[in-house]
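Note: the block below is final-v7.pdb and it holds PDB, C-alpha atoms and all ligand atoms.
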ATOM      1  CA  MET A   1     123.069  19.350  79.257
ATOM      2  CA  THR A   2     119.938  19.551  81.287
ATOM      3  CA  GLN A   3     118.953  22.753  83.008
ATOM      4  CA  ARG A   4     117.384  21.484  86.185
ATOM      5  CA  ILE A   5     117.470  24.031  88.998
ATOM      6  CA  ALA A   6     118.614  22.550  92.301
ATOM      7  CA  LEU A   7     116.089  22.530  95.130
ATOM      8  CA  ILE A   8     116.909  22.156  98.813
ATOM      9  CA  ALA A   9     113.754  21.437 100.815
ATOM     10  CA  GLY A  10     113.468  21.230 104.597
ATOM     11  CA  ASN A  11     110.909  18.855 106.067
ATOM     12  CA  TRP A  12     110.450  19.974 109.658
ATOM     13  CA  LYS A  13     108.139  17.066 110.520
ATOM     14  CA  MET A  14     106.396  17.490 113.927
ATOM     15  CA  ASN A  15     108.858  20.026 115.312
ATOM     16  CA  LEU A  16     109.118  23.696 116.317
ATOM     17  CA  SER A  17     106.805  26.166 118.039
ATOM     18  CA  ILE A  18     105.671  29.331 116.265
ATOM     19  CA  THR A  19     108.431  31.332 117.967
ATOM     20  CA  GLU A  20     111.114  28.790 117.037
ATOM     21  CA  ALA A  21     109.834  28.499 113.470
ATOM     22  CA  VAL A  22     109.857  32.265 112.908
ATOM     23  CA  ALA A  23     113.348  32.577 114.399
ATOM     24  CA  LEU A  24     114.649  29.838 112.083
ATOM     25  CA  VAL A  25     113.179  31.176 108.849
ATOM     26  CA  SER A  26     114.105  34.748 109.731
ATOM     27  CA  THR A  27     117.761  33.693 109.943
ATOM     28  CA  LEU A  28     117.466  31.788 106.657
ATOM     29  CA  ARG A  29     115.800  34.778 104.997
ATOM     30  CA  ASP A  30     118.530  37.173 106.135
ATOM     31  CA  GLU A  31     121.340  34.815 105.168
ATOM     32  CA  LEU A  32     119.918  33.999 101.737
ATOM     33  CA  LYS A  33     119.694  37.553 100.457
ATOM     34  CA  GLY A  34     122.524  37.219  97.905
ATOM     35  CA  PRO A  35     122.413  35.638  94.455
ATOM     36  CA  ASN A  36     123.521  32.138  93.435
ATOM     37  CA  ASN A  37     121.482  30.141  95.885
ATOM     38  CA  PRO A  38     119.562  27.034  94.873
ATOM     39  CA  GLU A  39     115.801  27.144  95.289
ATOM     40  CA  VAL A  40     114.958  26.766  98.969
ATOM     41  CA  LEU A  41     111.716  25.494 100.462
ATOM     42  CA  VAL A  42     110.584  24.827 104.009
ATOM     43  CA  ALA A  43     107.729  22.497 104.978
ATOM     44  CA  PRO A  44     106.699  23.447 108.521
ATOM     45  CA  PRO A  45     103.900  21.874 110.560
ATOM     46  CA  PHE A  46     100.412  23.233 109.788
ATOM     47  CA  THR A  47     100.309  25.265 113.001
ATOM     48  CA  THR A  48     103.248  27.449 111.986
ATOM     49  CA  LEU A  49     102.425  27.953 108.289
ATOM     50  CA  THR A  50     100.823  31.381 108.713
ATOM     51  CA  ALA A  51     103.631  32.781 110.834
ATOM     52  CA  VAL A  52     106.313  31.326 108.543
ATOM     53  CA  ARG A  53     104.511  32.717 105.479
ATOM     54  CA  GLU A  54     104.680  36.205 106.983
ATOM     55  CA  ALA A  55     108.358  35.801 107.861
ATOM     56  CA  VAL A  56     109.370  34.682 104.350
ATOM     57  CA  LYS A  57     107.215  37.232 102.527
ATOM     58  CA  ASP A  58     109.381  39.138  99.989
ATOM     59  CA  SER A  59     112.080  36.463 100.209
ATOM     60  CA  PRO A  60     112.781  33.635  97.752
ATOM     61  CA  ILE A  61     112.077  30.975 100.406
ATOM     62  CA  MET A  62     109.115  28.869  99.324
ATOM     63  CA  LEU A  63     106.468  27.355 101.551
ATOM     64  CA  GLY A  64     105.323  23.751 101.488
ATOM     65  CA  ALA A  65     103.143  21.493 103.632
ATOM     66  CA  GLN A  66     103.914  17.962 104.773
ATOM     67  CA  ASN A  67     100.653  16.315 103.796
ATOM     68  CA  MET A  68      97.079  16.978 102.604
ATOM     69  CA  HIS A  69      93.793  15.175 102.018
ATOM     70  CA  TRP A  70      92.544  14.403  98.516
ATOM     71  CA  GLU A  71      89.090  15.941  98.973
ATOM     72  CA  ASP A  72      88.411  19.688  98.930
ATOM     73  CA  ALA A  73      86.258  19.812 102.052
ATOM     74  CA  GLY A  74      83.927  17.753 104.186
ATOM     75  CA  ALA A  75      83.647  15.400 107.130
ATOM     76  CA  PHE A  76      87.310  14.401 107.483
ATOM     77  CA  THR A  77      88.152  15.186 111.088
ATOM     78  CA  GLY A  78      91.755  16.162 111.560
ATOM     79  CA  GLU A  79      92.538  16.560 107.872
ATOM     80  CA  ILE A  80      93.654  19.547 105.772
ATOM     81  CA  SER A  81      92.784  20.017 102.097
ATOM     82  CA  GLY A  82      94.930  21.228  99.226
ATOM     83  CA  ARG A  83      92.749  24.311  98.869
ATOM     84  CA  MET A  84      93.382  25.145 102.534
ATOM     85  CA  LEU A  85      97.116  24.878 101.897
ATOM     86  CA  LEU A  86      96.840  27.249  98.961
ATOM     87  CA  ASP A  87      94.765  29.571 101.111
ATOM     88  CA  VAL A  88      97.511  29.709 103.736
ATOM     89  CA  GLY A  89     100.183  30.438 101.116
ATOM     90  CA  CYS A  90     101.730  27.062 100.279
ATOM     91  CA  THR A  91     102.997  26.385  96.785
ATOM     92  CA  HIS A  92     104.226  22.826  97.407
ATOM     93  CA  VAL A  93     103.139  19.756  99.331
ATOM     94  CA  ILE A  94     105.136  16.686 100.365
ATOM     95  CA  LEU A  95     103.134  13.528  99.627
ATOM     96  CA  GLY A  96     103.711   9.882 100.429
ATOM     97  CA  HIS A  97     106.513  10.390 102.923
ATOM     98  CA  SER A  98     107.579   7.025 104.326
ATOM     99  CA  GLU A  99     106.446   8.083 107.812
ATOM    100  CA  ARG A 100     102.959   8.667 106.384
ATOM    101  CA  ARG A 101     103.088   5.296 104.669
ATOM    102  CA  LEU A 102     104.504   3.279 107.552
ATOM    103  CA  ILE A 103     103.001   4.920 110.641
ATOM    104  CA  PHE A 104      99.699   6.151 109.188
ATOM    105  CA  HIS A 105      99.201   3.370 106.648
ATOM    106  CA  GLU A 106      98.885   5.535 103.567
ATOM    107  CA  THR A 107      98.651   3.422 100.460
ATOM    108  CA  ASP A 108      99.826   4.135  96.924
ATOM    109  CA  GLU A 109      96.167   4.476  95.972
ATOM    110  CA  MET A 110      95.591   7.245  98.538
ATOM    111  CA  ILE A 111      98.790   8.970  97.504
ATOM    112  CA  ASP A 112      97.761   8.828  93.838
ATOM    113  CA  LYS A 113      94.537  10.673  94.733
ATOM    114  CA  LYS A 114      96.536  13.261  96.660
ATOM    115  CA  VAL A 115      98.996  13.866  93.816
ATOM    116  CA  LYS A 116      96.095  14.275  91.403
ATOM    117  CA  LYS A 117      94.308  16.718  93.680
ATOM    118  CA  ALA A 118      97.467  18.705  94.374
ATOM    119  CA  PHE A 119      97.919  19.306  90.640
ATOM    120  CA  GLU A 120      94.231  20.115  90.267
ATOM    121  CA  VAL A 121      94.330  22.894  92.858
ATOM    122  CA  GLY A 122      97.693  24.241  91.696
ATOM    123  CA  LEU A 123     100.112  22.886  94.284
ATOM    124  CA  THR A 124     103.400  21.279  93.276
ATOM    125  CA  PRO A 125     103.595  17.778  94.742
ATOM    126  CA  ILE A 126     106.871  16.443  96.105
ATOM    127  CA  LEU A 127     106.217  12.724  95.877
ATOM    128  CA  CYS A 128     108.370  10.529  98.128
ATOM    129  CA  ILE A 129     109.346   6.965  97.302
ATOM    130  CA  GLY A 130     111.925   4.599  98.739
ATOM    131  CA  GLU A 131     112.649   1.083  99.918
ATOM    132  CA  THR A 132     113.176  -0.316 103.410
ATOM    133  CA  LEU A 133     116.428  -1.997 104.436
ATOM    134  CA  GLU A 134     114.781  -5.401 104.252
ATOM    135  CA  GLN A 135     113.623  -4.737 100.703
ATOM    136  CA  ARG A 136     117.074  -3.476  99.676
ATOM    137  CA  GLU A 137     118.797  -6.484 101.183
ATOM    138  CA  ALA A 138     116.392  -8.789  99.367
ATOM    139  CA  GLY A 139     117.461  -7.131  96.094
ATOM    140  CA  LYS A 140     114.006  -5.619  95.591
ATOM    141  CA  THR A 141     114.859  -1.908  95.470
ATOM    142  CA  PHE A 142     113.905  -1.368  91.833
ATOM    143  CA  ASP A 143     110.751  -3.491  92.162
ATOM    144  CA  ILE A 144     109.648  -1.375  95.102
ATOM    145  CA  LEU A 145     110.380   1.901  93.317
ATOM    146  CA  ARG A 146     108.596   0.674  90.195
ATOM    147  CA  GLY A 147     105.589  -0.379  92.280
ATOM    148  CA  GLN A 148     105.411   2.898  94.199
ATOM    149  CA  LEU A 149     105.774   5.005  91.064
ATOM    150  CA  GLY A 150     103.180   2.978  89.207
ATOM    151  CA  GLY A 151     100.761   3.111  92.156
ATOM    152  CA  CYS A 152     101.217   6.755  93.134
ATOM    153  CA  LEU A 153     101.014   7.983  89.543
ATOM    154  CA  ALA A 154      98.339   5.521  88.397
ATOM    155  CA  SER A 155      95.854   8.238  87.388
ATOM    156  CA  PHE A 156      98.418   9.812  85.113
ATOM    157  CA  ILE A 157      99.462   6.548  83.532
ATOM    158  CA  THR A 158      95.815   5.958  82.666
ATOM    159  CA  HIS A 159      95.733   9.293  80.853
ATOM    160  CA  GLY A 160      99.203   8.858  79.396
ATOM    161  CA  ALA A 161     100.319  12.298  80.539
ATOM    162  CA  LEU A 162     101.862  13.816  83.618
ATOM    163  CA  PRO A 163     101.411  17.521  84.358
ATOM    164  CA  LYS A 164     104.675  19.455  84.310
ATOM    165  CA  GLY A 165     106.361  20.281  87.579
ATOM    166  CA  LEU A 166     106.146  17.080  89.599
ATOM    167  CA  ILE A 167     109.076  16.723  92.000
ATOM    168  CA  LEU A 168     110.132  13.273  93.165
ATOM    169  CA  ALA A 169     112.103  12.510  96.307
ATOM    170  CA  TYR A 170     114.013   9.251  96.583
ATOM    171  CA  GLU A 171     114.251   8.530 100.289
ATOM    172  CA  PRO A 172     115.543   5.112 101.255
ATOM    173  CA  VAL A 173     113.698   4.377 104.506
ATOM    174  CA  TRP A 174     116.860   2.968 106.109
ATOM    175  CA  ALA A 175     118.611   6.317 105.660
ATOM    176  CA  ILE A 176     115.902   8.519 107.196
ATOM    177  CA  GLY A 177     116.878   9.889 110.587
ATOM    178  CA  THR A 178     119.414   7.114 111.053
ATOM    179  CA  GLY A 179     122.617   8.973 110.202
ATOM    180  CA  LYS A 180     123.188   6.365 107.443
ATOM    181  CA  THR A 181     123.181   8.018 104.037
ATOM    182  CA  ALA A 182     122.946   6.113 100.804
ATOM    183  CA  SER A 183     126.313   6.359  99.097
ATOM    184  CA  PRO A 184     126.342   8.772  96.161
ATOM    185  CA  GLU A 185     126.551   5.722  93.872
ATOM    186  CA  GLN A 186     123.567   3.989  95.498
ATOM    187  CA  ALA A 187     121.531   7.177  95.291
ATOM    188  CA  GLN A 188     122.557   7.847  91.675
ATOM    189  CA  GLU A 189     121.611   4.318  90.673
ATOM    190  CA  ALA A 190     118.123   4.748  92.151
ATOM    191  CA  HIS A 191     117.657   8.223  90.670
ATOM    192  CA  GLU A 192     118.719   7.005  87.243
ATOM    193  CA  PHE A 193     116.228   4.168  87.498
ATOM    194  CA  VAL A 194     113.447   6.592  88.475
ATOM    195  CA  ARG A 195     114.230   8.965  85.612
ATOM    196  CA  GLY A 196     114.291   6.040  83.206
ATOM    197  CA  TRP A 197     110.899   4.878  84.441
ATOM    198  CA  ILE A 198     109.430   8.366  83.939
ATOM    199  CA  GLU A 199     110.874   8.472  80.439
ATOM    200  CA  GLN A 200     109.366   5.139  79.582
ATOM    201  CA  LYS A 201     105.899   6.148  80.802
ATOM    202  CA  PHE A 202     105.743   9.854  79.991
ATOM    203  CA  GLY A 203     108.483  10.590  77.471
ATOM    204  CA  ALA A 204     111.976  12.023  77.333
ATOM    205  CA  GLU A 205     111.001  15.650  77.826
ATOM    206  CA  GLN A 206     109.232  14.930  81.127
ATOM    207  CA  ALA A 207     112.153  12.807  82.285
ATOM    208  CA  LEU A 208     114.779  15.401  81.449
ATOM    209  CA  GLY A 209     112.934  18.195  83.219
ATOM    210  CA  LEU A 210     112.006  16.113  86.283
ATOM    211  CA  ARG A 211     113.699  17.100  89.515
ATOM    212  CA  ILE A 212     114.559  14.170  91.755
ATOM    213  CA  LEU A 213     115.629  15.038  95.288
ATOM    214  CA  TYR A 214     117.569  12.711  97.534
ATOM    215  CA  GLY A 215     116.475  12.408 101.172
ATOM    216  CA  GLY A 216     117.886  10.484 104.138
ATOM    217  CA  SER A 217     120.419  11.889 106.607
ATOM    218  CA  VAL A 218     121.579  14.672 104.298
ATOM    219  CA  LYS A 219     124.143  16.816 106.129
ATOM    220  CA  PRO A 220     126.541  19.630 105.223
ATOM    221  CA  ASP A 221     129.374  17.114 104.917
ATOM    222  CA  ASN A 222     127.671  14.694 102.505
ATOM    223  CA  ILE A 223     125.619  17.029 100.305
ATOM    224  CA  SER A 224     128.386  17.886  97.831
ATOM    225  CA  SER A 225     129.135  14.301  96.853
ATOM    226  CA  LEU A 226     125.416  13.600  96.446
ATOM    227  CA  MET A 227     124.833  16.720  94.356
ATOM    228  CA  ALA A 228     127.775  15.816  92.137
ATOM    229  CA  GLN A 229     125.727  12.913  90.745
ATOM    230  CA  PRO A 230     124.093  13.622  87.401
ATOM    231  CA  ASP A 231     120.577  12.573  88.415
ATOM    232  CA  ILE A 232     120.459  14.163  91.884
ATOM    233  CA  ASP A 233     118.780  17.549  91.628
ATOM    234  CA  GLY A 234     118.489  18.540  95.252
ATOM    235  CA  ALA A 235     117.729  17.273  98.719
ATOM    236  CA  LEU A 236     114.817  16.726 101.064
ATOM    237  CA  VAL A 237     116.298  17.364 104.479
ATOM    238  CA  GLY A 238     114.759  16.370 107.812
ATOM    239  CA  GLY A 239     116.834  16.720 110.990
ATOM    240  CA  ALA A 240     119.455  19.027 109.527
ATOM    241  CA  SER A 241     116.797  21.510 108.356
ATOM    242  CA  LEU A 242     115.828  22.319 111.949
ATOM    243  CA  LYS A 243     118.960  24.372 112.604
ATOM    244  CA  ALA A 244     119.888  27.388 110.493
ATOM    245  CA  GLU A 245     123.573  26.521 110.584
ATOM    246  CA  THR A 246     123.242  22.998 109.208
ATOM    247  CA  PHE A 247     120.486  23.859 106.729
ATOM    248  CA  LEU A 248     122.555  26.784 105.402
ATOM    249  CA  GLY A 249     125.576  24.478 105.209
ATOM    250  CA  ILE A 250     123.542  22.213 102.922
ATOM    251  CA  ILE A 251     122.127  25.085 100.854
ATOM    252  CA  ARG A 252     125.583  26.568 100.344
ATOM    253  CA  HIS A 253     127.383  23.334  99.570
ATOM    254  CA  GLU A 254     130.302  23.480  97.200
ATOM    255  CA  ALA A 255     129.224  22.416  93.754
TER     256      ALA A 255
HETATM  257  P1  LIG B 301     116.425  13.065 107.728
HETATM  258  O1  LIG B 301     114.936  13.012 107.147
HETATM  259  O2  LIG B 301     117.170  14.119 106.928
HETATM  260  O3  LIG B 301     116.278  13.461 109.180
HETATM  261  O4  LIG B 301     117.017  11.719 107.561
HETATM  262  C1  LIG B 301     114.687  13.111 105.782
HETATM  263  C2  LIG B 301     113.207  13.010 105.509
HETATM  264  O5  LIG B 301     112.502  12.267 106.196
HETATM  265  O6  LIG B 301     112.690  13.680 104.596
END

Any chance you could put this one into structure tokens?
Ligand code: PGA
Amino acid sequence: MTQRIALIAGNWKMNLSITEAVALVSTLRDELKGPNNPEVLVAPPFTTLTAVREAVKDSPIMLGAQNMHWEDAGAFTGEISGRMLLDVGCTHVILGHSERRLIFHETDEMIDKKVKKAFEVGLTPILCIGETLEQREAGKTFDILRGQLGGCLASFITHGALPKGLILAYEPVWAIGTGKTASPEQAQEAHEFVRGWIEQKFGAEQALGLRILYGGSVKPDNISSLMAQPDIDGALVGGASLKAETFLGIIRHEA
């Protein structure tokens, strides 16, 4: 069987002050001292990255950012580069989240440049894809996923190779922050499709090693049935990652 290590990632979005962020990760750090935990990552807002980095120092909790620009530096008011994220201690970066796509009009082309740059500077991208309710109801889920994958990984398709380590997150837009989770079967079906697509483009080895997280209203009471699916390798958690109790409940789910 495959040896993919589970990853539970918390996407804090635009939430928490420095004091609140440090209190949250300090509790997580103290509670996650023992063995047998999945990999755990938090993606705080930029303003709390330094303080969170200090609080998780010497702990297994990893640090990610929620977005980055594709250039290294320059006249891009309000933006943050991958090199800046490395400088502040991030190892991962979430790219192409549906809120970035829908509210800030990020296109697959922009996301492709970001994924490429993240790899170039040594960050692990967590690339988000997922369909809206309208698209699902129109029977277009796989078309949308295929289009997003093809667009966001276009540079790699051109070169016929994908660097190792990419993490994908399947996040159906209709399940994000709505309390509606995809059923384990719906999620598995999408994850299987995504893994199959990766295999077709980049080979079986890449596909087998690829971690695909599920995101969208993940809670302590639905994580176990999601994680029981063969192609679900972890979760990208929004709302429930903002409280130590619920995030720990997800991290410590029964296998
Ligand atoms: P949610 O968000 O867990 O609050 O639904 C998930 C996400 O947007 O990554």

Problem - Given 9 Å and all atoms listed in the file, residues near ligand LIG 301 (chain B) as a ChimeraX atom specification - result: /A:9-13,97-99,128,169,171,173-181,214-219,235-241

Restricting it to C-alpha atoms, dump the selection as an mmCIF file, keeping the file's coordinate frame.
data_model
loop_
_atom_site.group_PDB
_atom_site.id
_atom_site.type_symbol
_atom_site.label_atom_id
_atom_site.label_comp_id
_atom_site.auth_asym_id
_atom_site.auth_seq_id
_atom_site.Cartn_x
_atom_site.Cartn_y
_atom_site.Cartn_z
ATOM 1 C CA ALA A 9 113.754 21.437 100.815
ATOM 2 C CA GLY A 10 113.468 21.230 104.597
ATOM 3 C CA ASN A 11 110.909 18.855 106.067
ATOM 4 C CA TRP A 12 110.450 19.974 109.658
ATOM 5 C CA LYS A 13 108.139 17.066 110.520
ATOM 6 C CA HIS A 97 106.513 10.390 102.923
ATOM 7 C CA SER A 98 107.579 7.025 104.326
ATOM 8 C CA GLU A 99 106.446 8.083 107.812
ATOM 9 C CA CYS A 128 108.370 10.529 98.128
ATOM 10 C CA ALA A 169 112.103 12.510 96.307
ATOM 11 C CA GLU A 171 114.251 8.530 100.289
ATOM 12 C CA VAL A 173 113.698 4.377 104.506
ATOM 13 C CA TRP A 174 116.860 2.968 106.109
ATOM 14 C CA ALA A 175 118.611 6.317 105.660
ATOM 15 C CA ILE A 176 115.902 8.519 107.196
ATOM 16 C CA GLY A 177 116.878 9.889 110.587
ATOM 17 C CA THR A 178 119.414 7.114 111.053
ATOM 18 C CA GLY A 179 122.617 8.973 110.202
ATOM 19 C CA LYS A 180 123.188 6.365 107.443
ATOM 20 C CA THR A 181 123.181 8.018 104.037
ATOM 21 C CA TYR A 214 117.569 12.711 97.534
ATOM 22 C CA GLY A 215 116.475 12.408 101.172
ATOM 23 C CA GLY A 216 117.886 10.484 104.138
ATOM 24 C CA SER A 217 120.419 11.889 106.607
ATOM 25 C CA VAL A 218 121.579 14.672 104.298
ATOM 26 C CA LYS A 219 124.143 16.816 106.129
ATOM 27 C CA ALA A 235 117.729 17.273 98.719
ATOM 28 C CA LEU A 236 114.817 16.726 101.064
ATOM 29 C CA VAL A 237 116.298 17.364 104.479
ATOM 30 C CA GLY A 238 114.759 16.370 107.812
ATOM 31 C CA GLY A 239 116.834 16.720 110.990
ATOM 32 C CA ALA A 240 119.455 19.027 109.527
ATOM 33 C CA SER A 241 116.797 21.510 108.356
#

Practice task
Up to 10 Å from (121.2, 13.4, 91.3) in the file's coordinates: name the residues, counting all atoms listed in the file, as a PyMOL selection string.
Solution key: chain A and resi 6+170+184-185+187-192+211-214+225-235

Exercise for the section: For His253 in chain A, work out the shell of residues within 9 Å, counting only C-alpha atoms and skipping chain neighbours fewer than 2 positions away, then give it as a PyMOL selection string. Expected result: chain A and resi 220-221+223-224+227+248-251+255

Handout entry: Nearest to Asp72 in chain A by atom-to-atom distance, counting all atoms listed in the file, from A:Leu32, A:Leu133, A:Val121, A:Leu102
Key =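 Comparing A:Leu32, A:Leu133, A:Val121, A:Leu102 against Asp72 in chain A, the winner is A:Val121.
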
Might I get the box with edges along x, y and z of the file that holds all atoms of range 144-157 of chain A listed there, padded by 3 Å on every side, given as centre and edge lengths in Å to one decimal, as AutoDock Vina command-line options?
--center_x 103.1 --center_y 4.2 --center_z 89.3 --size_x 20.5 --size_y 17.2 --size_z 17.6

Practice task
Identify the residues within 10 Å of coordinate (110.7, -2.2, 96.4) (same frame as the file), considering all atoms listed in the file, and give the answer as a list in words.
Solution key: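 Residues lying no farther than 10 Å from the given point: Ile129, Gly130, Glu131, Thr132, Leu133, Glu134, Gln135, Arg136, Ala138, Gly139, Lys140, Thr141, Phe142, Asp143, Ile144, Leu145, Arg146, Gly147 and Gln148 of chain A.
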
Include C-alpha atoms and write out the residues we just selected as a short mmCIF file (atom, residue, chain, number, x, y, z; two decimals), in the coordinates of the input.
data_model
loop_
_atom_site.label_atom_id
_atom_site.label_comp_id
_atom_site.auth_asym_id
_atom_site.auth_seq_id
_atom_site.Cartn_x
_atom_site.Cartn_y
_atom_site.Cartn_z
CA ILE A 129 109.35 6.96 97.30
CA GLY A 130 111.92 4.60 98.74
CA GLU A 131 112.65 1.08 99.92
CA THR A 132 113.18 -0.32 103.41
CA LEU A 133 116.43 -2.00 104.44
CA GLU A 134 114.78 -5.40 104.25
CA GLN A 135 113.62 -4.74 100.70
CA ARG A 136 117.07 -3.48 99.68
CA ALA A 138 116.39 -8.79 99.37
CA GLY A 139 117.46 -7.13 96.09
CA LYS A 140 114.01 -5.62 95.59
CA THR A 141 114.86 -1.91 95.47
CA PHE A 142 113.90 -1.37 91.83
CA ASP A 143 110.75 -3.49 92.16
CA ILE A 144 109.65 -1.38 95.10
CA LEU A 145 110.38 1.90 93.32
CA ARG A 146 108.60 0.67 90.20
CA GLY A 147 105.59 -0.38 92.28
CA GLN A 148 105.41 2.90 94.20
#

Exercise for the section: Quick one: everything within 9 Å of Lys201 in chain A, counting only C-alpha atoms, minus sequence neighbours fewer than 3 positions away in the same chain. Send it as a list in words. Expected result: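 Returned residues: Ile157, Gly160, Ala161, Gly196, Trp197 and Ile198 of chain A.
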
Just-selected residues, C-alpha atoms written as a short mmCIF file (atom, residue, chain, number, x, y, z; two decimals), in the coordinates of the input:
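To be explicit, this is the file written out as selection.cif:
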data_model
loop_
_atom_site.label_atom_id
_atom_site.label_comp_id
_atom_site.auth_asym_id
_atom_site.auth_seq_id
_atom_site.Cartn_x
_atom_site.Cartn_y
_atom_site.Cartn_z
CA ILE A 157 99.46 6.55 83.53
CA GLY A 160 99.20 8.86 79.40
CA ALA A 161 100.32 12.30 80.54
CA GLY A 196 114.29 6.04 83.21
CA TRP A 197 110.90 4.88 84.44
CA ILE A 198 109.43 8.37 83.94
#

Practice task
Please provide the set of residues having any atom within 10 Å of Ala118 in chain A, restricted to all atoms listed in the file, with same-chain residues fewer than 6 positions apart removed, written as a list in words.
Solution key: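 My reading of the contact set: Met68, His69, Trp70, Glu71, Ser81, Gly82, Arg83, Leu85, Leu86, Thr91, His92, Val93, Ile94, Leu95, Asp112, Thr124, Pro125 and Ile126 of chain A.
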
Exercise for the section: Identify which of the residues A:Glu109, A:Asp58, A:Asp87, A:Glu205 lies closest to Arg29 in chain A, counting all atoms listed in the file when measuring atom-to-atom distances. Expected result: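 Ranked by minimum distance to Arg29 in chain A, first place goes to A:Asp58.
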
Handout entry: the PyMOL selection byres (((chain A and resi 209) around 10) and not hetatm) resolved against shown file, as a PyMOL selection string
Key = chain A and resi 2-5+164-167+195+204-208+210-212

Restrict the selected residues to C-alpha atoms and save them as a PDB file, in the coordinates of the input.
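Generated file (result02.pdb):
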ATOM      1  CA  THR A   2     119.938  19.551  81.287  1.00  0.00           C
ATOM      2  CA  GLN A   3     118.953  22.753  83.008  1.00  0.00           C
ATOM      3  CA  ARG A   4     117.384  21.484  86.185  1.00  0.00           C
ATOM      4  CA  ILE A   5     117.470  24.031  88.998  1.00  0.00           C
ATOM      5  CA  LYS A 164     104.675  19.455  84.310  1.00  0.00           C
ATOM      6  CA  GLY A 165     106.361  20.281  87.579  1.00  0.00           C
ATOM      7  CA  LEU A 166     106.146  17.080  89.599  1.00  0.00           C
ATOM      8  CA  ILE A 167     109.076  16.723  92.000  1.00  0.00           C
ATOM      9  CA  ARG A 195     114.230   8.965  85.612  1.00  0.00           C
ATOM     10  CA  ALA A 204     111.976  12.023  77.333  1.00  0.00           C
ATOM     11  CA  GLU A 205     111.001  15.650  77.826  1.00  0.00           C
ATOM     12  CA  GLN A 206     109.232  14.930  81.127  1.00  0.00           C
ATOM     13  CA  ALA A 207     112.153  12.807  82.285  1.00  0.00           C
ATOM     14  CA  LEU A 208     114.779  15.401  81.449  1.00  0.00           C
ATOM     15  CA  LEU A 210     112.006  16.113  86.283  1.00  0.00           C
ATOM     16  CA  ARG A 211     113.699  17.100  89.515  1.00  0.00           C
ATOM     17  CA  ILE A 212     114.559  14.170  91.755  1.00  0.00           C
TER      18      ILE A 212
END

Practice task
Would you write out, as a list in words, every residue that the PyMOL selection byres (((chain A and resi 56) around 10) and not hetatm) captures in this file?
Solution key: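 On the file shown, the PyMOL selection byres (((chain A and resi 56) around 10) and not hetatm) covers Val22, Val25, Ser26, Leu28, Arg29, Asp30, Val42, Ala51, Val52, Arg53, Glu54, Ala55, Lys57, Asp58, Ser59, Pro60, Ile61, Met62 and Leu63 of chain A.
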
Exercise for the section: Grab the CA of Ala43 in chain A to CA of Val88 in chain A distance for me, in Å with one decimal place. Expected result: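 Rounded to one decimal, the two atoms are 12.6 Å apart.
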
Exercise for the section: To one decimal in Å, tell me the separation between CA of Phe76 in chain A and CA of Arg100 in chain A. Expected result: 16.7 Å

Practice task
Between A:Met110, A:Cys90, A:Gly34, A:Ser17, single out the one closest to Thr48 in chain A, counting all atoms listed in the file.
Solution key: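 Checking each of A:Met110, A:Cys90, A:Gly34, A:Ser17 against Thr48 in chain A, counting all atoms listed in the file, the winner is A:Ser17.
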
Exercise for the section: Pick out the closest residue to Lys114 in chain A from this set: A:Thr47, A:Thr77, A:Thr246, A:Ser155. Count only C-alpha atoms. Expected result: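 Looking only at the distances to Lys114 in chain A, the closest residue turns out to be A:Ser155.
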
Problem - Two-atom distance - CA of Leu49 in chain A, CA of Thr107 in chain A (Å) - result: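 According to the coordinates, CA of Leu49 in chain A and CA of Thr107 in chain A are separated by 26.0 Å.
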
Practice task
Select, from A:Glu31, A:Glu39, A:Glu79, A:Glu20, the residue with the minimum atom-to-atom distance to Leu242 in chain A, counting all atoms listed in the file.
Solution key: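 Closest to Leu242 in chain A of all the choices is A:Glu20.
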
Practice task
Kindly indicate which residue among A:Ala65, A:Ile18, A:Ile8, A:Leu153 lies nearest to Leu123 in chain A, using all atoms listed in the file for the distances.
Solution key: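 Ranking A:Ala65, A:Ile18, A:Ile8, A:Leu153 by distance to Leu123 in chain A, first place goes to A:Ala65.
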